[in-house]
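Note: the block below is final.cif and it holds mmCIF, C-alpha atoms and all ligand atoms.
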data_run
loop_
_atom_site.group_PDB
_atom_site.id
_atom_site.type_symbol
_atom_site.label_atom_id
_atom_site.label_comp_id
_atom_site.auth_asym_id
_atom_site.auth_seq_id
_atom_site.Cartn_x
_atom_site.Cartn_y
_atom_site.Cartn_z
ATOM 1 C CA MET W 129 0.000 0.000 0.000
ATOM 2 C CA LYS W 130 2.717 2.375 1.016
ATOM 3 C CA SER W 131 4.683 1.660 -2.145
ATOM 4 C CA ILE W 132 1.620 2.178 -4.347
ATOM 5 C CA LEU W 133 1.071 5.543 -2.742
ATOM 6 C CA ALA W 134 4.718 6.437 -3.215
ATOM 7 C CA THR W 135 4.484 5.450 -6.879
ATOM 8 C CA LEU W 136 1.384 7.559 -7.361
ATOM 9 C CA LEU W 137 2.999 10.518 -5.669
ATOM 10 C CA GLY W 138 6.119 10.042 -7.740
ATOM 11 C CA ALA W 139 4.102 9.905 -10.947
ATOM 12 C CA SER W 140 2.164 13.049 -10.164
ATOM 13 C CA ALA W 141 5.365 14.854 -9.198
ATOM 14 C CA LEU W 142 6.832 13.892 -12.554
ATOM 15 C CA PHE W 143 3.752 15.163 -14.324
ATOM 16 C CA VAL W 144 3.817 18.462 -12.510
ATOM 17 C CA SER W 145 7.497 19.014 -13.129
ATOM 18 C CA ALA W 146 7.293 18.240 -16.874
ATOM 19 C CA PRO W 147 8.320 21.288 -18.917
ATOM 20 C CA ALA W 148 5.227 23.358 -19.634
ATOM 21 C CA PHE W 149 5.778 23.840 -23.357
ATOM 22 C CA ALA W 150 8.124 26.767 -22.765
ATOM 23 C CA ASP W 151 10.006 26.160 -26.007
ATOM 24 C CA GLY W 152 7.331 24.189 -27.758
ATOM 25 C CA PRO W 153 5.947 20.790 -26.922
ATOM 26 C CA GLU W 154 8.168 17.878 -25.954
ATOM 27 C CA MET W 155 8.341 15.150 -28.541
ATOM 28 C CA PRO W 156 5.591 12.672 -27.624
ATOM 29 C CA SER W 157 6.857 9.090 -27.626
ATOM 30 C CA GLN W 158 4.506 8.162 -30.506
ATOM 31 C CA ALA W 159 6.234 10.788 -32.651
ATOM 32 C CA ARG W 160 9.535 8.913 -32.567
ATOM 33 C CA MET W 161 8.149 6.526 -35.164
ATOM 34 C CA CYS W 162 7.425 9.373 -37.587
ATOM 35 C CA GLY W 163 11.093 10.285 -37.559
ATOM 36 C CA THR W 164 12.177 6.895 -38.836
ATOM 37 C CA CYS W 165 10.468 7.695 -42.157
ATOM 38 C CA HIS W 166 10.209 11.504 -42.160
ATOM 39 C CA ASN W 167 12.501 14.457 -41.747
ATOM 40 C CA TYR W 168 10.887 17.595 -40.390
ATOM 41 C CA GLU W 169 13.727 20.107 -40.217
ATOM 42 C CA PRO W 170 13.914 22.839 -42.851
ATOM 43 C CA GLY W 171 16.178 21.563 -45.607
ATOM 44 C CA GLY W 172 15.815 17.961 -44.449
ATOM 45 C CA ARG W 173 15.781 15.331 -47.155
ATOM 46 C CA PRO W 174 12.963 12.896 -47.822
ATOM 47 C CA LYS W 175 13.518 9.490 -46.244
ATOM 48 C CA MET W 176 11.091 6.671 -46.924
ATOM 49 C CA GLY W 177 8.388 9.320 -46.550
ATOM 50 C CA PRO W 178 8.290 12.958 -47.689
ATOM 51 C CA GLU W 179 9.944 15.737 -45.765
ATOM 52 C CA LEU W 180 7.331 17.316 -43.483
ATOM 53 C CA THR W 181 8.544 20.909 -43.075
ATOM 54 C CA GLY W 182 5.652 23.227 -43.870
ATOM 55 C CA VAL W 183 3.171 20.363 -44.033
ATOM 56 C CA PHE W 184 0.448 22.389 -42.297
ATOM 57 C CA GLY W 185 -1.524 24.125 -45.046
ATOM 58 C CA ARG W 186 0.103 22.029 -47.766
ATOM 59 C CA THR W 187 -1.968 19.964 -50.170
ATOM 60 C CA ALA W 188 -1.268 16.259 -49.704
ATOM 61 C CA GLY W 189 1.122 14.681 -52.152
ATOM 62 C CA THR W 190 2.698 17.899 -53.420
ATOM 63 C CA MET W 191 6.164 17.966 -51.827
ATOM 64 C CA GLU W 192 8.439 18.413 -54.810
ATOM 65 C CA GLY W 193 10.761 15.547 -55.602
ATOM 66 C CA PHE W 194 8.903 12.876 -53.646
ATOM 67 C CA ASN W 195 7.358 9.964 -55.481
ATOM 68 C CA TYR W 196 3.899 9.749 -53.904
ATOM 69 C CA SER W 197 1.359 7.032 -54.447
ATOM 70 C CA PRO W 198 -1.463 8.054 -56.795
ATOM 71 C CA ALA W 199 -3.811 7.676 -53.818
ATOM 72 C CA MET W 200 -1.952 10.338 -51.843
ATOM 73 C CA ALA W 201 -1.295 12.584 -54.824
ATOM 74 C CA ASN W 202 -4.964 12.544 -55.869
ATOM 75 C CA SER W 203 -6.506 12.757 -52.411
ATOM 76 C CA GLY W 204 -7.052 16.526 -52.587
ATOM 77 C CA ILE W 205 -6.582 16.727 -48.824
ATOM 78 C CA VAL W 206 -5.122 19.901 -47.325
ATOM 79 C CA TRP W 207 -3.220 19.107 -44.141
ATOM 80 C CA ASP W 208 -4.393 20.773 -40.966
ATOM 81 C CA ALA W 209 -5.035 19.563 -37.418
ATOM 82 C CA GLU W 210 -8.338 18.025 -38.456
ATOM 83 C CA THR W 211 -7.226 16.196 -41.609
ATOM 84 C CA LEU W 212 -4.057 14.994 -39.876
ATOM 85 C CA ASP W 213 -6.146 13.694 -36.988
ATOM 86 C CA ALA W 214 -8.283 11.623 -39.361
ATOM 87 C CA TYR W 215 -5.241 10.385 -41.306
ATOM 88 C CA LEU W 216 -3.107 9.472 -38.310
ATOM 89 C CA ALA W 217 -5.984 7.651 -36.603
ATOM 90 C CA ASN W 218 -5.883 5.077 -39.394
ATOM 91 C CA PRO W 219 -3.698 5.951 -42.391
ATOM 92 C CA ARG W 220 -4.725 2.876 -44.329
ATOM 93 C CA THR W 221 -8.477 3.447 -44.334
ATOM 94 C CA ASN W 222 -8.346 7.253 -44.383
ATOM 95 C CA ILE W 223 -6.598 7.295 -47.769
ATOM 96 C CA PRO W 224 -7.055 3.825 -49.243
ATOM 97 C CA GLY W 225 -4.044 2.793 -51.293
ATOM 98 C CA ASN W 226 -1.568 5.249 -49.795
ATOM 99 C CA ARG W 227 1.911 3.900 -49.093
ATOM 100 C CA MET W 228 2.539 4.986 -45.542
ATOM 101 C CA SER W 229 2.930 1.697 -43.729
ATOM 102 C CA PHE W 230 2.087 2.947 -40.299
ATOM 103 C CA ALA W 231 -0.694 1.404 -38.219
ATOM 104 C CA GLY W 232 -1.901 4.716 -36.824
ATOM 105 C CA ILE W 233 -2.360 6.167 -33.358
ATOM 106 C CA ARG W 234 -5.640 4.956 -31.896
ATOM 107 C CA ASP W 235 -5.665 7.157 -28.815
ATOM 108 C CA GLU W 236 -7.176 10.577 -29.467
ATOM 109 C CA ALA W 237 -5.131 12.395 -26.830
ATOM 110 C CA GLN W 238 -1.903 10.842 -28.100
ATOM 111 C CA ARG W 239 -2.789 11.893 -31.651
ATOM 112 C CA ALA W 240 -3.511 15.414 -30.493
ATOM 113 C CA ALA W 241 -0.118 15.562 -28.774
ATOM 114 C CA VAL W 242 1.669 14.309 -31.896
ATOM 115 C CA ILE W 243 -0.167 16.837 -34.092
ATOM 116 C CA GLU W 244 0.590 19.716 -31.757
ATOM 117 C CA TRP W 245 4.248 18.717 -31.695
ATOM 118 C CA LEU W 246 4.276 18.214 -35.484
ATOM 119 C CA GLU W 247 2.884 21.675 -36.100
ATOM 120 C CA TYR W 248 5.543 23.141 -33.847
ATOM 121 C CA VAL W 249 8.496 21.367 -35.473
ATOM 122 C CA THR W 250 7.326 21.720 -39.084
ATOM 123 C CA THR W 251 6.227 25.348 -39.072
ATOM 124 C CA PRO W 252 9.203 27.556 -39.938
ATOM 125 C CA ALA W 253 9.610 30.210 -37.244
ATOM 126 C CA ALA W 254 8.441 33.669 -38.248
ATOM 127 C CA GLU W 255 11.420 36.004 -38.641
HETATM 128 C C1 LIG W 301 7.142 3.313 -42.274
HETATM 129 C C2 LIG W 301 7.391 4.677 -42.674
HETATM 130 C C3 LIG W 301 6.480 5.774 -42.154
HETATM 131 C C4 LIG W 301 6.140 6.064 -40.859
HETATM 132 C C5 LIG W 301 6.522 5.322 -39.588
HETATM 133 C C6 LIG W 301 5.351 7.284 -40.924
HETATM 134 N N1 LIG W 301 5.198 7.684 -42.216
HETATM 135 FE FE1 LIG W 301 4.161 9.289 -42.892
HETATM 136 N N2 LIG W 301 4.461 8.737 -44.798
HETATM 137 C C7 LIG W 301 5.245 7.658 -45.214
HETATM 138 C C8 LIG W 301 5.164 7.530 -46.651
HETATM 139 C C9 LIG W 301 5.869 6.470 -47.514
HETATM 140 C C10 LIG W 301 4.310 8.563 -47.101
HETATM 141 C C11 LIG W 301 3.847 8.820 -48.528
HETATM 142 C C12 LIG W 301 2.605 7.974 -48.764
HETATM 143 C C13 LIG W 301 2.103 7.938 -50.180
HETATM 144 O O1 LIG W 301 2.639 8.602 -51.069
HETATM 145 O O2 LIG W 301 1.121 7.207 -50.379
HETATM 146 C C14 LIG W 301 3.899 9.311 -45.905
HETATM 147 C C15 LIG W 301 3.088 10.424 -45.920
HETATM 148 C C16 LIG W 301 2.801 11.212 -44.824
HETATM 149 C C17 LIG W 301 2.085 12.460 -44.864
HETATM 150 C C18 LIG W 301 1.580 13.175 -46.098
HETATM 151 C C19 LIG W 301 2.689 14.121 -46.533
HETATM 152 C C20 LIG W 301 2.427 14.919 -47.775
HETATM 153 O O3 LIG W 301 3.370 15.556 -48.253
HETATM 154 O O4 LIG W 301 1.294 14.950 -48.257
HETATM 155 C C21 LIG W 301 2.022 12.928 -43.584
HETATM 156 C C22 LIG W 301 1.381 14.210 -43.110
HETATM 157 C C23 LIG W 301 2.676 11.949 -42.747
HETATM 158 N N3 LIG W 301 3.136 10.926 -43.527
HETATM 159 C C24 LIG W 301 2.805 12.070 -41.372
HETATM 160 C C25 LIG W 301 3.345 11.081 -40.551
HETATM 161 C C26 LIG W 301 3.375 11.155 -39.103
HETATM 162 C C27 LIG W 301 2.904 12.343 -38.282
HETATM 163 C C28 LIG W 301 3.905 9.979 -38.656
HETATM 164 C C29 LIG W 301 4.102 9.512 -37.224
HETATM 165 C C30 LIG W 301 2.926 9.508 -36.397
HETATM 166 C C31 LIG W 301 4.242 9.187 -39.827
HETATM 167 N N4 LIG W 301 3.886 9.884 -40.947
HETATM 168 C C32 LIG W 301 4.833 7.935 -39.808
HETATM 169 C C33 LIG W 301 5.964 6.826 -44.388
HETATM 170 C C34 LIG W 301 5.867 6.784 -43.008
#

Now, as a test, write the supplied structure out as structure tokens.
Amino acid sequence: MKSILATLLGASALFVSAPAFADGPEMPSQARMCGTCHNYEPGGRPKMGPELTGVFGRTAGTMEGFNYSPAMANSGIVWDAETLDAYLANPRTNIPGNRMSFAGIRDEAQRAAVIEWLEYVTTPAAE
């Protein structure tokens, strides 16, 4: 009992002391997977997937120099928090035939955290 309480207290202390987005959100653990296939720094090169800098507001499948699937290129989707949420929940069914072999993030809160982080790291800072 005592150890459970200590664990709970420890966990809440950790939560409270987590950086409060001072310099942008921390990378959520689910976002580590994105980085195996995507770069998201300005000037980064495409990996297995397209480079994601500036992806917010971009029409899907239009990053120059990347060989998209016809499904992605013809989807007509414009990426924003809402369209990314639907895509990342289940990439396979959201755009049937697209080539991103990623199972998706089922948990809504985890998706929201990844999208918030993604917007932060892919939006070039205003000068
Ligand atoms: C296994 C590799 C892989 C992983 C992991 C992966 N992606 Fe992708 N992603 C791709 C590929 C390949 C495409 C292009 C798909 C196509 O053309 O059909 C893509 C496309 C995209 C696009 C559309 C980009 C555009 O220019 O229209 C977005 C947005 C995206 N991924 C976000 C993510 C995020 C966020 C994650 C992590 C949660 C992630 N991806 C994880 C391989 C991956």

Spatial sel., origin (-6.7, 13.6, -41.1), limit 12 Å, all atoms listed in the file, listed as a list in words: Phe184, Ala188, Ser203, Gly204, Ile205, Val206, Trp207, Asp208, Ala209, Glu210, Thr211, Leu212, Asp213, Ala214, Tyr215, Leu216, Ala217, Asn218, Pro219, Arg220, Thr221, Asn222, Ile223, Gly232, Ile233, Arg239, Ala240 and Ile243 of chain W

Which residue of W:Met228, W:Ala253, W:Met155, W:Ala241 approaches ligand LIG 301 (chain W) most closely, using only C-alpha atoms and all ligand atoms: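 Between W:Met228, W:Ala253, W:Met155, W:Ala241, the residue approaching ligand LIG 301 (chain W) most closely is W:Met228.
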
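Pairwise distance (CA of Asn226 (chain W), CA of Gln238 (chain W)) equals 22.4 Å.
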
Given only C-alpha atoms as the counted atoms, nearest of W:Val242, W:Pro252, W:Pro198, W:Asp151 to Gly163 (chain W):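 The answer is W:Val242, which sits nearest to Gly163 (chain W).
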
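One finds CA of Pro156 (chain W) at 19.2 Å from atom C19 of ligand LIG 301 (chain W).
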
Grab all the atoms of ligand LIG 301 (chain W) that the file lists, wrap them in a box along x, y and z, add 8 Å per side, and give me centre plus edge lengths in Å (one decimal) as lines of an AutoDock Vina configuration file.
center_x = 4.3
center_y = 9.4
center_z = -43.7
size_x = 22.3
size_y = 28.2
size_z = 30.7

Long-range neighbours of Lys175 (chain W) as a PyMOL selection string, 10 Å cut-off, only C-alpha atoms, 4 positions minimum in chain: chain W and resi 163-167+179+194

Counting all atoms listed in the file, write as a compact mmCIF listing (two decimals) with C-alpha atoms, in the coordinates of the input all protein and nucleic acid residues lying at most 9 Å from (5.1, 18.2, -33.8) in the file's frame.
# COMPACT_ATOMS: atom_id res chain seq x y z
CA GLY W 152 7.33 24.19 -27.76
CA PRO W 153 5.95 20.79 -26.92
CA GLU W 154 8.17 17.88 -25.95
CA MET W 155 8.34 15.15 -28.54
CA PRO W 156 5.59 12.67 -27.62
CA ALA W 159 6.23 10.79 -32.65
CA TYR W 168 10.89 17.60 -40.39
CA ALA W 241 -0.12 15.56 -28.77
CA VAL W 242 1.67 14.31 -31.90
CA ILE W 243 -0.17 16.84 -34.09
CA GLU W 244 0.59 19.72 -31.76
CA TRP W 245 4.25 18.72 -31.70
CA LEU W 246 4.28 18.21 -35.48
CA GLU W 247 2.88 21.68 -36.10
CA TYR W 248 5.54 23.14 -33.85
CA VAL W 249 8.50 21.37 -35.47
CA THR W 250 7.33 21.72 -39.08
CA THR W 251 6.23 25.35 -39.07

Env. residues ligand LIG 301 (chain W) / 6 Å / all atoms listed in the file / as number ranges by chain: W: 159, 161-162, 164-165, 176-178, 188-191, 196-197, 200, 226-230

One-decimal distance in Å that lies between CA of Pro224 (chain W) and CA of Ser157 (chain W): 26.2 Å

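Shortest atom-to-atom contact with Ala201 (chain W) among W:Gly225, W:Leu180, W:Pro174, W:Arg160: W:Gly225, counting only C-alpha atoms.
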
Kindly add N, CA, C and O atoms to the incomplete region 167-184 of chain W and provide the output as a PDB file, in the coordinates of the input.
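So the final result, stored in result-v3.pdb, reads:
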ATOM      1  N   ASN W 167      11.764  13.338 -42.319  1.00  0.00           N
ATOM      2  CA  ASN W 167      12.501  14.457 -41.747  1.00  0.00           C
ATOM      3  C   ASN W 167      11.514  15.595 -41.545  1.00  0.00           C
ATOM      4  O   ASN W 167      10.527  15.707 -42.256  1.00  0.00           O
ATOM      5  N   TYR W 168      11.777  16.449 -40.587  1.00  0.00           N
ATOM      6  CA  TYR W 168      10.887  17.595 -40.390  1.00  0.00           C
ATOM      7  C   TYR W 168      11.686  18.824 -39.991  1.00  0.00           C
ATOM      8  O   TYR W 168      11.187  19.703 -39.309  1.00  0.00           O
ATOM      9  N   GLU W 169      12.954  18.882 -40.416  1.00  0.00           N
ATOM     10  CA  GLU W 169      13.727  20.107 -40.217  1.00  0.00           C
ATOM     11  C   GLU W 169      13.798  20.794 -41.570  1.00  0.00           C
ATOM     12  O   GLU W 169      13.903  20.124 -42.590  1.00  0.00           O
ATOM     13  N   PRO W 170      13.780  22.135 -41.581  1.00  0.00           N
ATOM     14  CA  PRO W 170      13.914  22.839 -42.851  1.00  0.00           C
ATOM     15  C   PRO W 170      15.156  22.338 -43.575  1.00  0.00           C
ATOM     16  O   PRO W 170      16.218  22.200 -42.970  1.00  0.00           O
ATOM     17  N   GLY W 171      15.034  22.036 -44.837  1.00  0.00           N
ATOM     18  CA  GLY W 171      16.178  21.563 -45.607  1.00  0.00           C
ATOM     19  C   GLY W 171      16.437  20.074 -45.459  1.00  0.00           C
ATOM     20  O   GLY W 171      17.348  19.536 -46.074  1.00  0.00           O
ATOM     21  N   GLY W 172      15.636  19.400 -44.624  1.00  0.00           N
ATOM     22  CA  GLY W 172      15.815  17.961 -44.449  1.00  0.00           C
ATOM     23  C   GLY W 172      15.445  17.226 -45.732  1.00  0.00           C
ATOM     24  O   GLY W 172      14.653  17.711 -46.525  1.00  0.00           O
ATOM     25  N   ARG W 173      16.053  16.072 -45.930  1.00  0.00           N
ATOM     26  CA  ARG W 173      15.781  15.331 -47.155  1.00  0.00           C
ATOM     27  C   ARG W 173      14.683  14.300 -46.917  1.00  0.00           C
ATOM     28  O   ARG W 173      14.512  13.835 -45.797  1.00  0.00           O
ATOM     29  N   PRO W 174      13.953  13.970 -47.982  1.00  0.00           N
ATOM     30  CA  PRO W 174      12.963  12.896 -47.822  1.00  0.00           C
ATOM     31  C   PRO W 174      13.656  11.608 -47.394  1.00  0.00           C
ATOM     32  O   PRO W 174      14.793  11.364 -47.795  1.00  0.00           O
ATOM     33  N   LYS W 175      13.012  10.830 -46.554  1.00  0.00           N
ATOM     34  CA  LYS W 175      13.518   9.490 -46.244  1.00  0.00           C
ATOM     35  C   LYS W 175      12.604   8.527 -46.987  1.00  0.00           C
ATOM     36  O   LYS W 175      12.393   8.689 -48.180  1.00  0.00           O
ATOM     37  N   MET W 176      12.057   7.546 -46.270  1.00  0.00           N
ATOM     38  CA  MET W 176      11.091   6.671 -46.924  1.00  0.00           C
ATOM     39  C   MET W 176       9.816   7.467 -47.207  1.00  0.00           C
ATOM     40  O   MET W 176       9.105   7.219 -48.172  1.00  0.00           O
ATOM     41  N   GLY W 177       9.551   8.450 -46.369  1.00  0.00           N
ATOM     42  CA  GLY W 177       8.388   9.320 -46.550  1.00  0.00           C
ATOM     43  C   GLY W 177       8.857  10.736 -46.875  1.00  0.00           C
ATOM     44  O   GLY W 177      10.041  11.049 -46.710  1.00  0.00           O
ATOM     45  N   PRO W 178       7.925  11.585 -47.322  1.00  0.00           N
ATOM     46  CA  PRO W 178       8.290  12.958 -47.689  1.00  0.00           C
ATOM     47  C   PRO W 178       8.741  13.779 -46.488  1.00  0.00           C
ATOM     48  O   PRO W 178       8.388  13.480 -45.353  1.00  0.00           O
ATOM     49  N   GLU W 179       9.484  14.797 -46.771  1.00  0.00           N
ATOM     50  CA  GLU W 179       9.944  15.737 -45.765  1.00  0.00           C
ATOM     51  C   GLU W 179       8.716  16.523 -45.283  1.00  0.00           C
ATOM     52  O   GLU W 179       7.862  16.878 -46.089  1.00  0.00           O
ATOM     53  N   LEU W 180       8.587  16.756 -43.994  1.00  0.00           N
ATOM     54  CA  LEU W 180       7.331  17.316 -43.483  1.00  0.00           C
ATOM     55  C   LEU W 180       7.383  18.801 -43.128  1.00  0.00           C
ATOM     56  O   LEU W 180       6.390  19.362 -42.670  1.00  0.00           O
ATOM     57  N   THR W 181       8.514  19.471 -43.356  1.00  0.00           N
ATOM     58  CA  THR W 181       8.544  20.909 -43.075  1.00  0.00           C
ATOM     59  C   THR W 181       7.453  21.619 -43.869  1.00  0.00           C
ATOM     60  O   THR W 181       7.305  21.386 -45.063  1.00  0.00           O
ATOM     61  N   GLY W 182       6.692  22.456 -43.190  1.00  0.00           N
ATOM     62  CA  GLY W 182       5.652  23.227 -43.870  1.00  0.00           C
ATOM     63  C   GLY W 182       4.431  22.409 -44.247  1.00  0.00           C
ATOM     64  O   GLY W 182       3.625  22.828 -45.074  1.00  0.00           O
ATOM     65  N   VAL W 183       4.266  21.245 -43.631  1.00  0.00           N
ATOM     66  CA  VAL W 183       3.171  20.363 -44.033  1.00  0.00           C
ATOM     67  C   VAL W 183       1.793  20.959 -43.693  1.00  0.00           C
ATOM     68  O   VAL W 183       0.825  20.727 -44.397  1.00  0.00           O
ATOM     69  N   PHE W 184       1.730  21.762 -42.635  1.00  0.00           N
ATOM     70  CA  PHE W 184       0.448  22.389 -42.297  1.00  0.00           C
ATOM     71  C   PHE W 184       0.086  23.402 -43.379  1.00  0.00           C
ATOM     72  O   PHE W 184       0.857  24.309 -43.673  1.00  0.00           O
TER      73      PHE W 184
END
